[in-house]
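Here the structure comes first, spelled out in structure tokens, and everything after it is commentary.
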Amino acid sequence: MKKYTLHLFIFSFVMSLISLVIMEKGYKELYPFFSWKLFTVPSGGEATEDQYKLYGISDSDTIRIVNKSVRSYDANDKAVIVGTYGKRIEDNVNKEENKRKLLIFAKDTEPQYKGYLLYKETYRPKEIGEAKMNINKKLIVKL
Amino acid sequence: MNYPQITVFNYKVAYYMVRFFGLYWLVAQYLEFIRLKERPAAIYEPVFQLEKLIFPEFPGTFVFAGLLIVCAALLIITVFRSSYLLNFFIFLLVAIINLPIAANFGVHHDGHIIVLGFFLSIFLLPKELEDKDYKLVQYFYLGILMTYTLAGMSKILGTVKNLIKNTDKLTWVSKDAAKLNTYDNYWMADMQIPPVFKSIYAYDHIWIVITVLGILMQFLCFLGGFNRKLLTFFLIFLYIFHVYTAIFVLAEFENANYFLIVIFFPYHLLRPLFRKKYLVA
């Protein structure tokens, strides 16, 4: 039986190669032979990048919610969650369902607001860390 | 010892170490599970089709703890009684346990190397391995290292493609590539960029060299599968690489890093220490 280790190696290698090719076409990797977080170009490599953001509505103001790490969500998780639902809502994929879930998430993590707005922000990665950063905001939906 | 003997010896030690590591990993998955369990039930998005079938909802505590306990029992049994079939079930369980933790919204790849390690070692039982089987251990090493080689290759191909097409995309050989990569990841996570990063990345020409060398080294990782000294060298490289990505790119690979140490460690170097002990006794 031990000689089949070669076949396991070949199998996993081929599956990773296929993952690499199909991910380029927008499909998902083949679990559990998925490839790495590959970064063919650096993150921030595009001239402009989009990011979905929640804004909280209070009595007098609308406040851009900054993701902070808490026990059950770290800041990165929060960004991915808002990004996942935000993209689906904008693309009209199960819009109502995803709005409902995003609202549950918003109330769970930032319960102090009366309502929430979903924005898409477009920024230039080159300006991060500079004194002035131009962010283009587009309102997607009110939750 | 010659290379084949060293390779088989190191694998045999690693076989047992992997089982202890596996128990640690299961505990770590349980802690991660109870952390995610605190979220509202609706906030769970399985990524893969297979995962949607197995876990359409985030698993209940009994189910998940049950999987962990069965897997732990198999790991312990295989310390005393190694078996192909049990190895296969361990791989299956590890792959399933990893799913709701690692493939929820995005995919975290910290468990990838670990799942792969259990897959590639299904047919490698310590009692069945002789010195002439060192090639089989090499396939195991290669299978793991190939992950990094492919990651390096895709960066090289991506860079070449963008250079040839002359796109306006920033490539890995551009000035400030590493810096932007760091800054963008911090920005997306809404995290303050530590002021010291600015001084670290101020040496922009040196960073081009570091980035290019880093990508080449990633690509060359497969060489570690053929030479023991190179394997140790690439283990050290990967350790540093993962620590860099954790701090500068916020990509956590803590368990993957421990696992790499467990499977690639040059245990043969410790052998004289144990011999002496026995002699004294």
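We name chains A, B, ... following the order of the structure tokens; residues begin at 1 in each chain, and ligands are numbered from 1 as shown.
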- Message: Taking only C-alpha atoms into account and nothing else, which residues of chain B lie no more than 8 Å away from chain A? Please answer as a PyMOL selection string.
- Response: chain B and resi 35-40+42-43+48+95+105-106+109+112+115-116+119-125+128+136+139-140+142-143+146-148+150-151+154-159+168-172+177-178+180-185+187-191+193
- Message: So that I can check the secondary structure, give me every residue of stretch 39-250 of chain B assigned alpha helix (DSSP H) by backbone DSSP, as a PyMOL selection string.
- Response: chain B and resi 49-54+61-80+84-102+112-120+134-165+177-188+195-200+204-220+228-248
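Here the question is which of B:Phe226, B:Ala103, B:Arg275, B:Val243 gets nearest to B:Leu50 using only C-alpha atoms, and that residue is B:Ala103.
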- Message: Which residues are near A:Tyr119? Cut-off 9 Å, only C-alpha atoms, ignore same chain within fewer than 4 positions. Put them as a PyMOL selection string.
- Response: chain A and resi 51-55+86+137-142
Output of the above residues as a JSON list (two decimals), in the first residue's frame, restricted to N, CA and C atoms:
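The resulting file, out07.json, is shown below:
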[["chain", "number", "residue", "atom", "x", "y", "z"],
["A", 51, "GLN", "N", -14.69, 48.83, -1.50],
["A", 51, "GLN", "CA", -14.89, 48.21, -0.21],
["A", 51, "GLN", "C", -16.28, 48.58, 0.30],
["A", 52, "TYR", "N", -17.01, 47.61, 0.81],
["A", 52, "TYR", "CA", -18.34, 47.89, 1.36],
["A", 52, "TYR", "C", -18.20, 48.26, 2.82],
["A", 53, "LYS", "N", -18.97, 49.27, 3.22],
["A", 53, "LYS", "CA", -18.85, 49.80, 4.58],
["A", 53, "LYS", "C", -20.23, 50.07, 5.16],
["A", 54, "LEU", "N", -20.37, 49.82, 6.45],
["A", 54, "LEU", "CA", -21.62, 50.16, 7.13],
["A", 54, "LEU", "C", -21.47, 51.52, 7.80],
["A", 55, "TYR", "N", -22.55, 52.28, 7.73],
["A", 55, "TYR", "CA", -22.62, 53.54, 8.46],
["A", 55, "TYR", "C", -23.79, 53.44, 9.42],
["A", 86, "GLY", "N", -22.50, 42.82, 1.23],
["A", 86, "GLY", "CA", -22.57, 44.05, 0.45],
["A", 86, "GLY", "C", -22.56, 43.78, -1.04],
["A", 137, "LYS", "N", -17.83, 57.77, -2.26],
["A", 137, "LYS", "CA", -18.85, 56.95, -1.58],
["A", 137, "LYS", "C", -20.11, 56.82, -2.42],
["A", 138, "LYS", "N", -20.64, 55.61, -2.46],
["A", 138, "LYS", "CA", -21.89, 55.40, -3.18],
["A", 138, "LYS", "C", -22.86, 54.67, -2.26],
["A", 139, "LEU", "N", -24.04, 55.26, -2.05],
["A", 139, "LEU", "CA", -25.02, 54.62, -1.18],
["A", 139, "LEU", "C", -25.63, 53.42, -1.91],
["A", 140, "ILE", "N", -25.58, 52.26, -1.29],
["A", 140, "ILE", "CA", -26.14, 51.07, -1.92],
["A", 140, "ILE", "C", -27.57, 50.85, -1.44],
["A", 141, "VAL", "N", -27.76, 50.89, -0.11],
["A", 141, "VAL", "CA", -29.09, 50.61, 0.42],
["A", 141, "VAL", "C", -29.18, 51.04, 1.88],
["A", 142, "LYS", "N", -30.41, 51.31, 2.29],
["A", 142, "LYS", "CA", -30.64, 51.53, 3.72],
["A", 142, "LYS", "C", -31.18, 50.23, 4.30]]
